[in-house]
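Visitor: Provided herewith: start-v2.txt, compact mmCIF, C-alpha atoms.
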# COMPACT_ATOMS: atom_id res chain seq x y z
CA MET A 690 -52.49 -32.32 28.66
CA PHE A 691 -49.09 -32.93 27.05
CA LYS A 692 -47.38 -30.94 29.78
CA LEU A 693 -48.99 -33.14 32.44
CA ALA A 694 -48.01 -36.35 30.60
CA ARG A 695 -44.42 -35.15 30.16
CA ARG A 696 -44.17 -34.26 33.83
CA ASN A 697 -45.50 -37.69 34.85
CA ILE A 698 -42.99 -39.50 32.57
CA LEU A 699 -40.07 -37.49 33.91
CA ARG A 700 -41.17 -37.93 37.54
CA GLN A 701 -41.43 -41.75 37.21
CA ARG A 702 -38.22 -42.31 35.23
CA THR A 703 -37.58 -45.90 36.33
CA ARG A 704 -41.13 -47.05 35.59
CA SER A 705 -41.16 -45.16 32.28
CA GLY A 706 -37.80 -46.66 31.29
CA LEU A 707 -38.92 -50.19 32.15
CA THR A 708 -42.16 -49.73 30.19
CA LEU A 709 -40.24 -48.40 27.18
CA ALA A 710 -37.74 -51.28 27.41
CA ALA A 711 -40.60 -53.83 27.58
CA ILE A 712 -42.22 -52.31 24.50
CA ALA A 713 -38.90 -52.28 22.59
CA LEU A 714 -38.13 -55.89 23.59
CA GLY A 715 -41.61 -57.00 22.49
CA VAL A 716 -41.31 -55.30 19.10
CA ALA A 717 -37.81 -56.70 18.56
CA SER A 718 -39.03 -60.20 19.49
CA LEU A 719 -41.93 -59.98 17.04
CA VAL A 720 -39.69 -58.75 14.22
CA LEU A 721 -37.03 -61.42 14.83
CA SER A 722 -39.50 -64.29 15.19
CA GLY A 723 -41.37 -63.17 12.05
CA GLY A 724 -38.12 -63.16 10.07
CA PHE A 725 -37.14 -66.53 11.51
CA ILE A 726 -40.46 -68.09 10.49
CA ASP A 727 -40.27 -66.56 7.00
CA ASP A 728 -36.77 -67.97 6.56
CA ILE A 729 -37.83 -71.44 7.75
CA LEU A 730 -40.72 -71.47 5.27
CA LEU A 731 -38.44 -70.29 2.45
CA GLN A 732 -35.87 -72.98 3.21
CA LEU A 733 -38.59 -75.64 3.48
CA ARG A 734 -39.99 -74.63 0.09
CA GLU A 735 -36.58 -74.64 -1.59
CA ALA A 736 -35.57 -77.94 0.02
CA THR A 737 -38.82 -79.52 -1.14
CA ILE A 738 -38.34 -78.27 -4.69
CA ARG A 739 -34.64 -79.15 -4.86
CA SER A 740 -34.77 -82.52 -3.13
CA GLN A 741 -36.25 -84.49 -6.01
CA LEU A 742 -39.79 -83.08 -6.11
CA GLY A 743 -39.38 -80.13 -8.45
CA HIS A 744 -41.83 -77.32 -9.10
CA LEU A 745 -44.40 -79.41 -10.95
CA GLN A 746 -45.37 -83.07 -10.99
CA ILE A 747 -47.47 -84.76 -13.67
CA TYR A 748 -49.60 -87.79 -12.81
CA LYS A 749 -52.28 -89.77 -14.58
CA SER A 750 -55.78 -88.72 -13.55
CA GLY A 751 -57.17 -90.74 -10.66
CA GLN A 752 -53.85 -91.91 -9.21
CA PHE A 753 -54.35 -90.35 -5.78
CA ALA A 754 -58.06 -91.18 -5.64
CA SER A 755 -57.19 -94.88 -6.03
CA GLY A 756 -55.42 -94.91 -2.67
CA GLY A 757 -52.42 -96.68 -4.18
CA HIS A 758 -54.38 -99.73 -5.33
CA HIS A 759 -53.57 -101.11 -8.81
CA PRO A 760 -50.55 -98.86 -9.47
CA TYR A 761 -49.97 -100.31 -12.96
CA ASP A 762 -53.32 -98.87 -14.06
CA PHE A 763 -51.91 -95.38 -13.55
CA LEU A 764 -48.66 -95.60 -15.52
CA ILE A 765 -48.44 -92.98 -18.26
CA GLU A 766 -48.69 -94.86 -21.57
CA SER A 767 -46.67 -92.45 -23.74
CA PRO A 768 -44.25 -90.51 -21.55
CA ASP A 769 -42.23 -89.38 -24.58
CA VAL A 770 -45.16 -87.22 -25.75
CA ILE A 771 -45.44 -85.56 -22.35
CA GLU A 772 -41.67 -85.05 -22.21
CA ARG A 773 -41.74 -83.25 -25.58
CA VAL A 774 -44.63 -81.02 -24.44
CA VAL A 775 -42.86 -80.16 -21.18
CA ASP A 776 -39.57 -79.47 -22.97
CA ALA A 777 -41.41 -77.04 -25.29
CA VAL A 778 -42.65 -74.91 -22.36
CA PRO A 779 -40.56 -71.72 -22.03
CA GLY A 780 -38.58 -71.53 -18.80
CA VAL A 781 -38.31 -75.28 -18.18
CA VAL A 782 -34.71 -75.93 -17.16
CA ALA A 783 -34.85 -79.63 -16.33
CA ARG A 784 -37.29 -82.51 -16.16
CA ALA A 785 -36.96 -86.08 -14.99
CA ALA A 786 -39.23 -89.10 -15.09
CA ARG A 787 -39.70 -91.30 -12.05
CA VAL A 788 -41.73 -94.24 -10.90
CA SER A 789 -42.68 -94.46 -7.21
CA PHE A 790 -43.67 -97.61 -5.40
CA SER A 791 -44.14 -98.90 -1.87
CA GLY A 792 -44.07 -102.32 -0.32
CA LEU A 793 -42.99 -104.53 2.55
CA ILE A 794 -39.67 -106.29 3.02
CA SER A 795 -39.75 -109.42 5.12
CA ASN A 796 -36.91 -111.49 6.57
CA GLY A 797 -39.23 -114.23 7.84
CA ARG A 798 -39.38 -112.80 11.37
CA GLY A 799 -40.70 -109.32 10.69
CA GLU A 800 -41.59 -106.83 8.02
CA LEU A 801 -40.41 -103.34 7.22
CA PRO A 802 -42.22 -100.86 4.98
CA ILE A 803 -40.27 -99.42 2.04
CA LEU A 804 -40.75 -96.51 -0.32
CA GLY A 805 -38.90 -96.76 -3.61
CA GLU A 806 -38.45 -94.62 -6.68
CA GLY A 807 -37.05 -95.44 -10.08
CA ILE A 808 -35.24 -92.41 -11.47
CA GLU A 809 -33.17 -91.12 -14.37
CA PRO A 810 -29.82 -90.34 -12.70
CA GLU A 811 -28.51 -87.59 -15.00
CA PRO A 812 -31.53 -85.23 -14.94
CA GLU A 813 -32.17 -86.11 -11.31
CA ALA A 814 -28.71 -84.82 -10.36
CA ARG A 815 -29.70 -81.34 -11.59
CA ILE A 816 -33.11 -81.35 -9.89
CA GLY A 817 -32.00 -82.92 -6.60
CA SER A 818 -29.34 -80.36 -5.75
CA ALA A 819 -30.35 -80.10 -2.06
CA ILE A 820 -29.51 -83.71 -1.21
CA SER A 821 -26.29 -84.26 0.74
CA MET A 822 -24.43 -87.55 0.43
CA LEU A 823 -22.75 -88.66 3.64
CA ALA A 824 -21.16 -91.76 2.15
CA GLY A 825 -20.95 -93.31 -1.30
CA ARG A 826 -21.80 -91.51 -4.52
CA LYS A 827 -24.81 -90.44 -6.52
CA LEU A 828 -26.20 -92.77 -9.16
CA THR A 829 -24.99 -92.43 -12.76
CA ALA A 830 -26.45 -93.50 -16.09
CA GLY A 831 -24.31 -96.65 -16.04
CA ASP A 832 -25.85 -97.88 -12.77
CA ASN A 833 -28.61 -99.99 -14.36
CA PHE A 834 -29.21 -101.93 -11.16
CA GLY A 835 -27.81 -99.40 -8.69
CA VAL A 836 -29.54 -98.53 -5.46
CA MET A 837 -29.24 -95.47 -3.25
CA VAL A 838 -30.44 -96.04 0.32
CA GLY A 839 -31.36 -93.21 2.63
Could you render the structure from this file as structure tokens?
Guide:
Amino acid sequence: MFKLARRNILRQRTRSGLTLAAIALGVASLVLSGGFIDDILLQLREATIRSQLGHLQIYKSGQFASGGHHPYDFLIESPDVIERVVDAVPGVVARAARVSFSGLISNGRGELPILGEGIEPEPEARIGSAISMLAGRKLTAGDNFGVMVG
């Protein structure tokens, strides 16, 4: 049986070569596209972690279930206690508090939606290492009323 198969492959060299090339191209395409997708997912994960979101976020229970209504009801009353607990966890390198809000800006003719976040500039600089500034500078601790627009 093997002798017959070998004879057939050698007799139809062009067809056998094209079939082998198609198989090799298909395997190479699958390997390259799999690596490309893995790299995209890795970069997406790292960009998400290092662009101000971090590995872990702590919220007051019920915040997301509220649908954003009554945001002041979901402020953490004693953030200093939570900060001490988080700082005591082994392996924690940095932590930063933030307050997120949304709203509408109106100029009398139209409205634009906004998303805002109040941050601590110094710890945020360590966490947000994937953010690139095209113009201006990052906020510092002295910028009490500073704004960064993106």
Visitor: Using atom CA of Ala824 of chain A and atom CA of Gly792 of chain A as the two end points, give the distance in Å to one decimal.
Guide: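 Straight-line distance from atom CA of Ala824 of chain A to atom CA of Gly792 of chain A works out to 25.3 Å.
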Visitor: Figure out the distance between atom CA of Ala736 of chain A and atom CA of Ile820 of chain A, please, to one decimal in Å.
Guide: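 It comes out at 8.5 Å.
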Visitor: Give me, please, the distance in Å between atom CA of Lys692 of chain A and atom CA of Leu714 of chain A, quoted to one decimal.
Guide: 27.3 Å
Visitor: Taking all atoms listed in the file into account, name the residue in A:Ile803, A:Ala754, A:Leu828, A:Leu699 that is nearest to Phe790 of chain A.
Guide: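 Residue with the minimum atom-to-atom distance to Phe790 of chain A: A:Ile803.
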Visitor: Need the shell around Gly751 of chain A: protein/DNA/RNA residues with any atom at most 12 Å away, counting only C-alpha atoms. Skip same-chain ones fewer than 3 positions apart. Format as a list in words?
Guide: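 Contacts, with the query itself left out: Ile747, Tyr748, Ala754, Ser755, Gly756, Gly757, His758, His759, Pro760, Asp762, Phe763, Leu764 and Ile765 of chain A.
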Visitor: Tell me which of A:Arg826, A:Arg784, A:Ile729, A:Glu735 sits closest to Ile771 of chain A, counting all atoms listed in the file.
Guide: A:Arg784
